[in-house]
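Presented below is the structure to which this report refers.
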There are 2 protein chains.
Amino acid sequence: MFSSVRVNPIGIIHSPFRRREDTPIQPRRSTAIGEVEVFKKYQEGLEDIEGFSHVILIYRFHMSKGYRLKVKPFLDDQLRGVFATRAPRRPNQTGISVVRLLKREENILTVKGIDVIDGTPLLDIKPYVPDFDPDEKITIGWLEGKI
Amino acid sequence: MFSSVRVNPIGIIHSPFRRREDTPIQPRRSTAIGEVEVFKKYQEGLEDIEGFSHVILIYRFHMSKGYRLKVKPFLDDQLRGVFATRAPRRPNQTGISVVRLLKREENILTVKGIDVIDGTPLLDIKPYVPDFDPDEKITIGWLEGKI
């Protein structure tokens with residue numbers, strides 16, 4: 001149960017960003033348009049997704065090799081625990097982004113606000129539903145005042 | 001690059017829910033307290049996390065075997081594309097939940113609003129930062145009126 005498990009990409013994220021240094025650090029800082037190509041064998045799983053204005057992409061930071069437990073985030077000049085950041089060099093190299101869904105054509109989603117490098121392997125798509133998120137007071141630790 | 005990759009659990013989520021049928025369907029429907037045990041080797045990565053009121057848990061739906069591309073969600077009586085739902089029987093069986101962080105003691109996070117079954121393998125933890133989410137008008141497709 002706690003041994004490693006295999007995950008298989010379900011698609012590829014196409015974006016205008018060819019290099020890491022050109023890539024926006026969060027979706028809200030990006031107006032870039034991208035295409036989420038879901039492999040044909042999974043296309044049926046995209047039905048009903050058009051009703052959602054935003055979707056959550058879960059993907060692999062495939063350009064990151066290995067991980068560090070303390071990282072210097074883009075928005076800070078101090079080392080922070082990696083789980084208190086969204087840095088890519090993390091165990092399991094898993095990233096998430098909420099993007100705006102502009103349209104679906106068969107197995108291709110056109111999205112706005114993409115913030116990943118071209119060719120990123122896609123692991124999952126979920127509908128973005130604000131009602132599933134907390135409605136309590138939020139604090140954001142070391143990020144306070146930096147966004 | 002698009003071959004399968006291995007992921008290794010970084011910890012275990014302990015919850016009061018021993019059976020799937022007892023488990024709340026979303027964190028906001030849960031006031032349950034759980035403990036997120038991060039394996040000791042990753043403990044240093046938890047530094048600075050205490051400042052955040054909420055964290056995103058990424059985990060494996062380890063009780064789900066295989067997947068279906070059309071599923072009947074808990075909140076609906078029609079079949080929907082699995083990527084338009086949060087159903088567990090999905091490719092790569094990856095789940096995400098935003099929970100409230102009550103405290104950290106060394107490698108243990110005590111959290112509120114847990115909605116996963118006891119023993120769930122943890123893959124990642126990220127800080128929850130509302131400013132990283134969209135500030136546009138949101139629509140929620142088939143879920144409209146059902147939450």
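Lettering and numbering for the structure tokens are positional, with chains as A, B, ... in the shown order, residues counted from 1 in each chain, and ligands counted from 1 in the shown order.
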(message) Let's see if you can do this: from backbone DSSP, list all strand (DSSP E or B) residues in region 23-129 of chain B, as a VMD selection string.
(response) chain B and resid 33 to 38 52 54 to 60 70 to 71 80 to 81 94 to 105 108 to 112 120 to 127
How close does each residue of chain A get to chain B, giving the shortest atom pair and distance in Å to one decimal for every residue with an atom at most 7 Å away, counting only C-alpha atoms, sorted by chain and residue number, as JSON lines?
{"residue": "A:Phe2", "atom": "CA", "partner": "B:Pro9", "partner_atom": "CA", "distance": 6.1}
{"residue": "A:Ser3", "atom": "CA", "partner": "B:Asn8", "partner_atom": "CA", "distance": 6.6}
{"residue": "A:Ser4", "atom": "CA", "partner": "B:Asn8", "partner_atom": "CA", "distance": 4.3}
{"residue": "A:Val5", "atom": "CA", "partner": "B:Val7", "partner_atom": "CA", "distance": 5.5}
{"residue": "A:Arg6", "atom": "CA", "partner": "B:Arg6", "partner_atom": "CA", "distance": 4.6}
{"residue": "A:Val7", "atom": "CA", "partner": "B:Ser4", "partner_atom": "CA", "distance": 5.4}
{"residue": "A:Asn8", "atom": "CA", "partner": "B:Ser4", "partner_atom": "CA", "distance": 4.3}
{"residue": "A:Pro9", "atom": "CA", "partner": "B:Phe2", "partner_atom": "CA", "distance": 6.1}
{"residue": "A:Gln26", "atom": "CA", "partner": "B:Phe132", "partner_atom": "CA", "distance": 6.4}
{"residue": "A:Pro27", "atom": "CA", "partner": "B:Phe132", "partner_atom": "CA", "distance": 6.8}
{"residue": "A:Arg28", "atom": "CA", "partner": "B:Phe132", "partner_atom": "CA", "distance": 6.0}
{"residue": "A:Tyr42", "atom": "CA", "partner": "B:Leu69", "partner_atom": "CA", "distance": 6.9}
{"residue": "A:Glu44", "atom": "CA", "partner": "B:Leu69", "partner_atom": "CA", "distance": 5.9}
{"residue": "A:Gly45", "atom": "CA", "partner": "B:Gly81", "partner_atom": "CA", "distance": 4.0}
{"residue": "A:Leu46", "atom": "CA", "partner": "B:Gly81", "partner_atom": "CA", "distance": 5.1}
{"residue": "A:Glu47", "atom": "CA", "partner": "B:Gly81", "partner_atom": "CA", "distance": 4.4}
{"residue": "A:Asp48", "atom": "CA", "partner": "B:Ala84", "partner_atom": "CA", "distance": 5.9}
{"residue": "A:Ile49", "atom": "CA", "partner": "B:Ala84", "partner_atom": "CA", "distance": 4.8}
{"residue": "A:Gly51", "atom": "CA", "partner": "B:Gly141", "partner_atom": "CA", "distance": 3.7}
{"residue": "A:Phe52", "atom": "CA", "partner": "B:Ile140", "partner_atom": "CA", "distance": 4.6}
{"residue": "A:Ser53", "atom": "CA", "partner": "B:Thr139", "partner_atom": "CA", "distance": 5.0}
{"residue": "A:His54", "atom": "CA", "partner": "B:Ile138", "partner_atom": "CA", "distance": 6.9}
{"residue": "A:Leu69", "atom": "CA", "partner": "B:Gly45", "partner_atom": "CA", "distance": 4.4}
{"residue": "A:Lys70", "atom": "CA", "partner": "B:Gly45", "partner_atom": "CA", "distance": 6.0}
{"residue": "A:Arg80", "atom": "CA", "partner": "B:Asp48", "partner_atom": "CA", "distance": 6.2}
{"residue": "A:Gly81", "atom": "CA", "partner": "B:Gly45", "partner_atom": "CA", "distance": 4.0}
{"residue": "A:Val82", "atom": "CA", "partner": "B:Gly45", "partner_atom": "CA", "distance": 4.8}
{"residue": "A:Phe83", "atom": "CA", "partner": "B:Lys126", "partner_atom": "CA", "distance": 5.3}
{"residue": "A:Ala84", "atom": "CA", "partner": "B:Ile49", "partner_atom": "CA", "distance": 4.8}
{"residue": "A:Thr85", "atom": "CA", "partner": "B:Pro127", "partner_atom": "CA", "distance": 6.2}
{"residue": "A:Arg86", "atom": "CA", "partner": "B:Lys126", "partner_atom": "CA", "distance": 6.2}
{"residue": "A:Asn92", "atom": "CA", "partner": "B:Val7", "partner_atom": "CA", "distance": 5.4}
{"residue": "A:Val98", "atom": "CA", "partner": "B:Asp133", "partner_atom": "CA", "distance": 6.3}
{"residue": "A:Pro121", "atom": "CA", "partner": "B:Phe2", "partner_atom": "CA", "distance": 6.5}
{"residue": "A:Leu123", "atom": "CA", "partner": "B:Asn92", "partner_atom": "CA", "distance": 6.8}
{"residue": "A:Ile125", "atom": "CA", "partner": "B:Phe83", "partner_atom": "CA", "distance": 5.4}
{"residue": "A:Lys126", "atom": "CA", "partner": "B:Phe83", "partner_atom": "CA", "distance": 5.3}
{"residue": "A:Pro127", "atom": "CA", "partner": "B:Ala84", "partner_atom": "CA", "distance": 5.4}
{"residue": "A:Val129", "atom": "CA", "partner": "B:Ile140", "partner_atom": "CA", "distance": 6.3}
{"residue": "A:Phe132", "atom": "CA", "partner": "B:Arg28", "partner_atom": "CA", "distance": 6.0}
{"residue": "A:Asp133", "atom": "CA", "partner": "B:Val98", "partner_atom": "CA", "distance": 6.3}
{"residue": "A:Pro134", "atom": "CA", "partner": "B:Arg28", "partner_atom": "CA", "distance": 6.3}
{"residue": "A:Ile138", "atom": "CA", "partner": "B:Ser53", "partner_atom": "CA", "distance": 5.6}
{"residue": "A:Thr139", "atom": "CA", "partner": "B:Ser53", "partner_atom": "CA", "distance": 5.0}
{"residue": "A:Ile140", "atom": "CA", "partner": "B:Phe52", "partner_atom": "CA", "distance": 4.6}
{"residue": "A:Gly141", "atom": "CA", "partner": "B:Gly51", "partner_atom": "CA", "distance": 3.7}
{"residue": "A:Trp142", "atom": "CA", "partner": "B:Gly51", "partner_atom": "CA", "distance": 6.7}
(message) Nearest residue to Phe39 (chain A) out of A:Lys72, A:Ser64, A:Leu109, A:Ile114, using only C-alpha atoms?
(response)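 Closest residue, counting only C-alpha atoms: A:Leu109.
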(request) Per DSSP on the backbone, filter chain B down to the residues in helix (DSSP H, G or I) and report them as a list in words. (result) Arg20, Glu21, Asp22, Pro27, Arg28, Arg29, Lys40, Lys41, Tyr42, Gln43, Glu44, Gly45, Leu46, Ile49, Glu50, Gly51, Val82, Phe83, Ala84, Pro91, Asn92, Gln93, Pro130, Asp131, Phe132, Gly141, Trp142 and Leu143 of chain B
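Note that the spacing between CA of Ser30 (chain B) and CA of Leu102 (chain B) amounts to 14.6 Å.
Distance-wise, CA of Gly145 (chain B) and CA of Arg19 (chain B) end up 28.3 Å apart.
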(message) Give me the residues near Arg18 (chain A) as a list in words, where near means some atom within 10 Å (using only C-alpha atoms) and where sequence neighbours in that chain fewer than 3 positions away do not count.
(response) His14, Ser15, Glu21, Asp22, Thr23, Val116, Ile117, Asp118 and Gly119 of chain A
Go ahead and write the selection's residues with N, CA, C and O atoms as a compact mmCIF listing (two decimals), in the first residue's frame.
# COMPACT_ATOMS: atom_id res chain seq x y z
N HIS A 14 0.04 21.58 -23.93
CA HIS A 14 0.79 22.40 -24.89
C HIS A 14 0.69 23.86 -24.47
O HIS A 14 -0.41 24.35 -24.21
N SER A 15 1.80 24.54 -24.38
CA SER A 15 1.79 25.94 -23.94
C SER A 15 2.78 26.73 -24.76
O SER A 15 3.62 26.15 -25.46
N GLU A 21 12.36 29.50 -17.61
CA GLU A 21 12.50 30.89 -17.18
C GLU A 21 11.47 31.82 -17.83
O GLU A 21 11.28 32.95 -17.38
N ASP A 22 10.75 31.33 -18.84
CA ASP A 22 9.71 32.15 -19.47
C ASP A 22 8.32 31.88 -18.87
O ASP A 22 7.35 32.55 -19.20
N THR A 23 8.24 30.90 -18.02
CA THR A 23 6.95 30.39 -17.56
C THR A 23 6.44 31.21 -16.37
O THR A 23 7.18 31.44 -15.42
N VAL A 116 2.47 26.42 -17.31
CA VAL A 116 3.42 25.30 -17.32
C VAL A 116 4.18 25.30 -18.63
O VAL A 116 3.78 25.91 -19.63
N ILE A 117 5.27 24.59 -18.62
CA ILE A 117 6.13 24.52 -19.78
C ILE A 117 5.50 23.61 -20.84
O ILE A 117 4.76 22.67 -20.51
N ASP A 118 5.75 23.92 -22.09
CA ASP A 118 5.22 23.12 -23.20
C ASP A 118 5.65 21.66 -23.08
O ASP A 118 6.81 21.38 -22.81
N GLY A 119 4.69 20.77 -23.27
CA GLY A 119 5.01 19.34 -23.23
C GLY A 119 4.84 18.69 -21.87
O GLY A 119 5.22 17.53 -21.68
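Closest approach to Thr31 (chain B) from the set B:Val111, B:Arg104, B:Phe74, B:Tyr59 is made by B:Val111, with distances taken over only C-alpha atoms.
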(request) May I ask for the distance between CA of Val38 (chain A) and CA of Pro88 (chain B), given in Å to one decimal place? (result) 18.7 Å
